[in-house]
Amino acid sequence: MPKPEMKFIVRRNPDGTVHVQNVILFMGIHYGQHHVHTEEGFRKWLEKAGIKEEQLIYEDGECNCGLKPGYVREYDGKTWYNPDFE
């Protein structure tokens with residue numbers, strides 16, 4: 001039986017923000033939170049969350065989600081703020 005895998009799609013926008021899309025790979029792709037960081041906030045998040053390099057998928061292209069650093073959009077569209085991501 002396959003085990004669920006958590007991955008994180010990372011895009012660095014020209015404005016310096018880092019956009020992260022959480023995905024779960026299990027019998028398909030399931031999208032979770034989308035969160036936006038400053039570069040420093042991204043590094044802190046990686047460390048605090050214990051994210052390993054092999055969990056990251058870097059993609060080219062700009063994210064046009066409209067969120068600013070510190071904001072999180074849930075899979076259901078709810079948006080909230082996390083100051084730790086700035």
# chains A, B, ... in the order shown; residues from 1 in each chain; ligands from 1

$ residues_around --residues "stretch 50-65 of chain A" --least-positions-apart "2" --cutoff "10 Å" --atoms "only C-alpha atoms" --output "ChimeraX atom specification"
/A:5-15,17-22,34-36,43-48,67-68,73

$ write_last_selection --atoms "N, CA and C atoms" --output "CSV table (one decimal), in the first residue's frame"
chain,number,residue,atom,x,y,z
A,5,GLU,N,2.7,11.1,0.6
A,5,GLU,CA,3.9,11.9,0.6
A,5,GLU,C,3.5,13.4,0.6
A,6,MET,N,4.1,14.2,1.5
A,6,MET,CA,3.9,15.6,1.5
A,6,MET,C,5.1,16.3,0.7
A,7,LYS,N,4.7,17.1,-0.3
A,7,LYS,CA,5.7,17.8,-1.1
A,7,LYS,C,5.3,19.3,-1.1
A,8,PHE,N,6.2,20.2,-1.5
A,8,PHE,CA,6.0,21.6,-1.4
A,8,PHE,C,6.6,22.2,-2.7
A,9,ILE,N,5.7,22.7,-3.5
A,9,ILE,CA,6.1,23.4,-4.8
A,9,ILE,C,6.5,24.8,-4.4
A,10,VAL,N,7.7,25.2,-4.8
A,10,VAL,CA,8.3,26.5,-4.5
A,10,VAL,C,8.5,27.3,-5.7
A,11,ARG,N,8.1,28.6,-5.7
A,11,ARG,CA,8.3,29.5,-6.8
A,11,ARG,C,8.8,30.8,-6.1
A,12,ARG,N,9.9,31.3,-6.7
A,12,ARG,CA,10.5,32.6,-6.3
A,12,ARG,C,10.0,33.7,-7.3
A,13,ASN,N,9.2,34.6,-6.8
A,13,ASN,CA,8.8,35.7,-7.7
A,13,ASN,C,9.8,36.8,-7.8
A,14,PRO,N,9.7,37.5,-8.9
A,14,PRO,CA,10.7,38.6,-9.2
A,14,PRO,C,10.8,39.7,-8.0
A,15,ASP,N,9.7,39.8,-7.3
A,15,ASP,CA,9.6,40.8,-6.2
A,15,ASP,C,10.3,40.3,-4.9
A,17,THR,N,9.5,37.5,-3.2
A,17,THR,CA,8.6,36.7,-2.4
A,17,THR,C,8.8,35.2,-2.8
A,18,VAL,N,8.6,34.3,-1.8
A,18,VAL,CA,8.7,32.9,-2.0
A,18,VAL,C,7.3,32.3,-1.8
A,19,HIS,N,6.7,31.7,-2.9
A,19,HIS,CA,5.4,31.1,-2.8
A,19,HIS,C,5.5,29.6,-2.7
A,20,VAL,N,4.8,29.1,-1.8
A,20,VAL,CA,4.8,27.6,-1.5
A,20,VAL,C,3.4,27.1,-1.6
A,21,GLN,N,3.3,26.0,-2.4
A,21,GLN,CA,2.0,25.3,-2.5
A,21,GLN,C,2.2,23.9,-1.9
A,22,ASN,N,1.5,23.6,-0.9
A,22,ASN,CA,1.6,22.3,-0.2
A,22,ASN,C,0.8,21.3,-1.1
A,34,HIS,N,-1.5,27.3,0.4
A,34,HIS,CA,-0.6,28.1,-0.4
A,34,HIS,C,-0.2,29.2,0.5
A,35,HIS,N,1.1,29.4,0.7
A,35,HIS,CA,1.6,30.4,1.6
A,35,HIS,C,2.8,31.2,1.0
A,36,VAL,N,2.9,32.5,1.4
A,36,VAL,CA,3.9,33.4,0.9
A,36,VAL,C,4.8,33.8,1.9
A,43,ARG,N,13.2,30.5,4.9
A,43,ARG,CA,14.3,29.7,5.6
A,43,ARG,C,13.9,29.3,7.0
A,44,LYS,N,13.2,30.3,7.7
A,44,LYS,CA,12.8,30.0,9.1
A,44,LYS,C,11.7,28.9,9.1
A,45,TRP,N,10.8,29.0,8.1
A,45,TRP,CA,9.7,28.0,8.0
A,45,TRP,C,10.3,26.6,7.7
A,46,LEU,N,11.2,26.5,6.8
A,46,LEU,CA,11.9,25.2,6.5
A,46,LEU,C,12.4,24.6,7.8
A,47,GLU,N,13.2,25.4,8.5
A,47,GLU,CA,13.8,24.9,9.7
A,47,GLU,C,12.8,24.5,10.8
A,48,LYS,N,11.9,25.4,11.1
A,48,LYS,CA,10.9,25.2,12.1
A,48,LYS,C,10.0,24.0,11.8
A,67,LEU,N,-1.3,37.2,-3.0
A,67,LEU,CA,-1.0,37.2,-1.6
A,67,LEU,C,0.3,37.9,-1.3
A,68,LYS,N,0.4,38.5,-0.1
A,68,LYS,CA,1.7,39.1,0.3
A,68,LYS,C,2.3,38.2,1.4
A,73,ARG,N,-3.4,30.8,2.1
A,73,ARG,CA,-4.7,30.5,1.6
A,73,ARG,C,-4.9,29.0,1.7

$ residues_around --residues "A:Asn82" --least-positions-apart "6" --cutoff "8 Å" --atoms "only C-alpha atoms" --output "list in words"
Gly70, Tyr71 and Val72 of chain A

$ write_last_selection --atoms "all heavy atoms" --output "mmCIF file, in the first residue's frame"
data_model
loop_
_atom_site.group_PDB
_atom_site.id
_atom_site.type_symbol
_atom_site.label_atom_id
_atom_site.label_comp_id
_atom_site.auth_asym_id
_atom_site.auth_seq_id
_atom_site.Cartn_x
_atom_site.Cartn_y
_atom_site.Cartn_z
ATOM 1 N N GLY A 70 3.391 36.442 4.544
ATOM 2 C CA GLY A 70 2.676 36.220 5.798
ATOM 3 C C GLY A 70 1.279 35.660 5.602
ATOM 4 O O GLY A 70 0.668 35.178 6.547
ATOM 5 N N TYR A 71 0.775 35.687 4.378
ATOM 6 C CA TYR A 71 -0.595 35.219 4.145
ATOM 7 C C TYR A 71 -0.628 33.767 3.676
ATOM 8 O O TYR A 71 0.257 33.311 2.962
ATOM 9 C CB TYR A 71 -1.316 36.123 3.148
ATOM 10 C CG TYR A 71 -1.752 37.402 3.810
ATOM 11 C CD1 TYR A 71 -0.920 38.507 3.835
ATOM 12 C CD2 TYR A 71 -2.979 37.479 4.459
ATOM 13 C CE1 TYR A 71 -1.288 39.668 4.476
ATOM 14 C CE2 TYR A 71 -3.365 38.652 5.105
ATOM 15 C CZ TYR A 71 -2.517 39.742 5.108
ATOM 16 O OH TYR A 71 -2.880 40.880 5.756
ATOM 17 N N VAL A 72 -1.694 33.093 4.103
ATOM 18 C CA VAL A 72 -1.908 31.683 3.793
ATOM 19 C C VAL A 72 -3.306 31.544 3.212
ATOM 20 O O VAL A 72 -4.267 32.090 3.759
ATOM 21 C CB VAL A 72 -1.820 30.817 5.076
ATOM 22 C CG1 VAL A 72 -2.084 29.354 4.770
ATOM 23 C CG2 VAL A 72 -0.483 31.013 5.778
#

$ atom_distance --atom1 "atom CA of A:Lys3" --atom2 "atom CA of A:Leu25"
8.6 Å

$ select_by_dssp --residues "stretch 6-82 of chain A" --states "alpha helix (DSSP H)" --output "number ranges by chain"
A: 39-49

$ closest_residue --among "A:Gly77, A:Pro83, A:Pro4, A:Gly66" --to "A:His30" --atoms "only C-alpha atoms"
A:Pro4

$ closest_residue --among "A:Val23, A:Ala49, A:Gln33, A:Phe42" --to "A:Thr79" --atoms "only C-alpha atoms"
A:Gln33

$ closest_residue --among "A:Gly28, A:Gly41, A:Pro2, A:Gly16" --to "A:Phe85" --atoms "only C-alpha atoms"
A:Gly41

$ closest_residue --among "A:Thr38, A:Met1, A:Tyr31, A:Ile24" --to "A:Pro69" --atoms "only C-alpha atoms"
A:Thr38

$ select_by_dssp --residues "chain A" --states "strand (DSSP E or B)" --output "number ranges by chain"
A: 5-12, 18-25, 29-37, 56-58, 71-73, 79-81

$ write_last_selection --atoms "N, CA, C and O atoms" --output "short mmCIF file (atom, residue, chain, number, x, y, z; two decimals), in the first residue's frame"
data_model
loop_
_atom_site.label_atom_id
_atom_site.label_comp_id
_atom_site.auth_asym_id
_atom_site.auth_seq_id
_atom_site.Cartn_x
_atom_site.Cartn_y
_atom_site.Cartn_z
N GLU A 5 2.66 11.14 0.59
CA GLU A 5 3.88 11.94 0.61
C GLU A 5 3.51 13.41 0.59
O GLU A 5 2.67 13.83 -0.20
N MET A 6 4.13 14.20 1.45
CA MET A 6 3.93 15.64 1.46
C MET A 6 5.06 16.27 0.67
O MET A 6 6.23 16.00 0.92
N LYS A 7 4.71 17.11 -0.30
CA LYS A 7 5.68 17.84 -1.10
C LYS A 7 5.31 19.32 -1.07
O LYS A 7 4.19 19.69 -0.74
N PHE A 8 6.25 20.15 -1.46
CA PHE A 8 6.05 21.60 -1.44
C PHE A 8 6.58 22.17 -2.74
O PHE A 8 7.78 22.07 -3.02
N ILE A 9 5.71 22.75 -3.54
CA ILE A 9 6.11 23.39 -4.78
C ILE A 9 6.52 24.82 -4.45
O ILE A 9 5.74 25.58 -3.85
N VAL A 10 7.73 25.19 -4.82
CA VAL A 10 8.30 26.49 -4.45
C VAL A 10 8.53 27.31 -5.71
O VAL A 10 9.15 26.84 -6.67
N ARG A 11 8.05 28.56 -5.68
CA ARG A 11 8.31 29.52 -6.76
C ARG A 11 8.84 30.81 -6.14
O ARG A 11 8.26 31.32 -5.19
N ARG A 12 9.90 31.31 -6.72
CA ARG A 12 10.45 32.60 -6.28
C ARG A 12 10.02 33.66 -7.30
O ARG A 12 10.39 33.60 -8.45
N VAL A 18 8.60 34.34 -1.80
CA VAL A 18 8.69 32.91 -2.04
C VAL A 18 7.29 32.34 -1.82
O VAL A 18 6.71 32.47 -0.74
N HIS A 19 6.75 31.72 -2.86
CA HIS A 19 5.40 31.15 -2.82
C HIS A 19 5.52 29.63 -2.70
O HIS A 19 6.27 29.00 -3.45
N VAL A 20 4.77 29.07 -1.76
CA VAL A 20 4.84 27.64 -1.50
C VAL A 20 3.43 27.05 -1.60
O VAL A 20 2.49 27.55 -0.97
N GLN A 21 3.30 26.00 -2.40
CA GLN A 21 2.03 25.28 -2.53
C GLN A 21 2.24 23.89 -1.93
O GLN A 21 3.06 23.12 -2.40
N ASN A 22 1.52 23.59 -0.85
CA ASN A 22 1.60 22.26 -0.25
C ASN A 22 0.80 21.29 -1.09
O ASN A 22 -0.32 21.60 -1.51
N VAL A 23 1.36 20.11 -1.33
CA VAL A 23 0.64 19.07 -2.05
C VAL A 23 0.84 17.73 -1.34
O VAL A 23 1.90 17.47 -0.78
N ILE A 24 -0.18 16.92 -1.38
CA ILE A 24 -0.10 15.55 -0.86
C ILE A 24 -0.23 14.62 -2.05
O ILE A 24 -1.18 14.73 -2.84
N LEU A 25 0.75 13.76 -2.20
CA LEU A 25 0.73 12.78 -3.28
C LEU A 25 0.24 11.46 -2.69
O LEU A 25 0.94 10.81 -1.91
N ILE A 29 -3.00 13.88 -6.85
CA ILE A 29 -2.42 15.08 -6.24
C ILE A 29 -3.53 15.84 -5.53
O ILE A 29 -4.58 16.12 -6.11
N HIS A 30 -3.29 16.17 -4.27
CA HIS A 30 -4.26 16.90 -3.46
C HIS A 30 -3.57 18.18 -2.98
O HIS A 30 -2.54 18.12 -2.32
N TYR A 31 -4.15 19.32 -3.34
CA TYR A 31 -3.55 20.61 -2.99
C TYR A 31 -4.02 21.05 -1.61
O TYR A 31 -5.19 20.95 -1.28
N GLY A 32 -3.06 21.56 -0.84
CA GLY A 32 -3.35 22.07 0.49
C GLY A 32 -3.13 23.57 0.53
O GLY A 32 -3.51 24.28 -0.39
N GLN A 33 -2.47 24.02 1.55
CA GLN A 33 -2.23 25.45 1.74
C GLN A 33 -1.30 26.01 0.67
O GLN A 33 -0.42 25.33 0.16
N HIS A 34 -1.52 27.30 0.39
CA HIS A 34 -0.60 28.09 -0.41
C HIS A 34 -0.17 29.22 0.50
O HIS A 34 -1.01 29.94 1.04
N HIS A 35 1.14 29.36 0.74
CA HIS A 35 1.61 30.42 1.64
C HIS A 35 2.75 31.19 1.01
O HIS A 35 3.50 30.66 0.19
N VAL A 36 2.88 32.45 1.44
CA VAL A 36 3.87 33.37 0.85
C VAL A 36 4.80 33.85 1.95
O VAL A 36 4.36 34.22 3.04
N HIS A 37 6.09 33.83 1.62
CA HIS A 37 7.14 34.18 2.58
C HIS A 37 8.08 35.23 1.99
O HIS A 37 8.19 35.35 0.77
N LEU A 56 11.04 19.38 -1.48
CA LEU A 56 10.82 20.61 -2.23
C LEU A 56 10.89 20.35 -3.73
O LEU A 56 11.77 19.65 -4.21
N ILE A 57 9.95 20.96 -4.44
CA ILE A 57 9.93 20.91 -5.90
C ILE A 57 9.98 22.36 -6.37
O ILE A 57 9.04 23.13 -6.12
N TYR A 58 11.08 22.75 -6.99
CA TYR A 58 11.24 24.12 -7.45
C TYR A 58 10.69 24.24 -8.87
O TYR A 58 11.01 23.43 -9.73
N TYR A 71 0.78 35.69 4.38
CA TYR A 71 -0.60 35.22 4.15
C TYR A 71 -0.63 33.77 3.68
O TYR A 71 0.26 33.31 2.96
N VAL A 72 -1.69 33.09 4.10
CA VAL A 72 -1.91 31.68 3.79
C VAL A 72 -3.31 31.54 3.21
O VAL A 72 -4.27 32.09 3.76
N ARG A 73 -3.42 30.82 2.11
CA ARG A 73 -4.74 30.50 1.55
C ARG A 73 -4.93 28.99 1.68
O ARG A 73 -4.13 28.21 1.18
N THR A 79 -8.50 32.62 3.76
CA THR A 79 -7.19 33.27 3.82
C THR A 79 -6.97 33.82 5.23
O THR A 79 -7.88 34.40 5.81
N TRP A 80 -5.78 33.64 5.74
CA TRP A 80 -5.43 34.14 7.07
C TRP A 80 -3.96 34.56 7.07
O TRP A 80 -3.24 34.33 6.13
N TYR A 81 -3.55 35.18 8.15
CA TYR A 81 -2.22 35.77 8.26
C TYR A 81 -1.38 35.05 9.32
O TYR A 81 -1.88 34.74 10.40
#
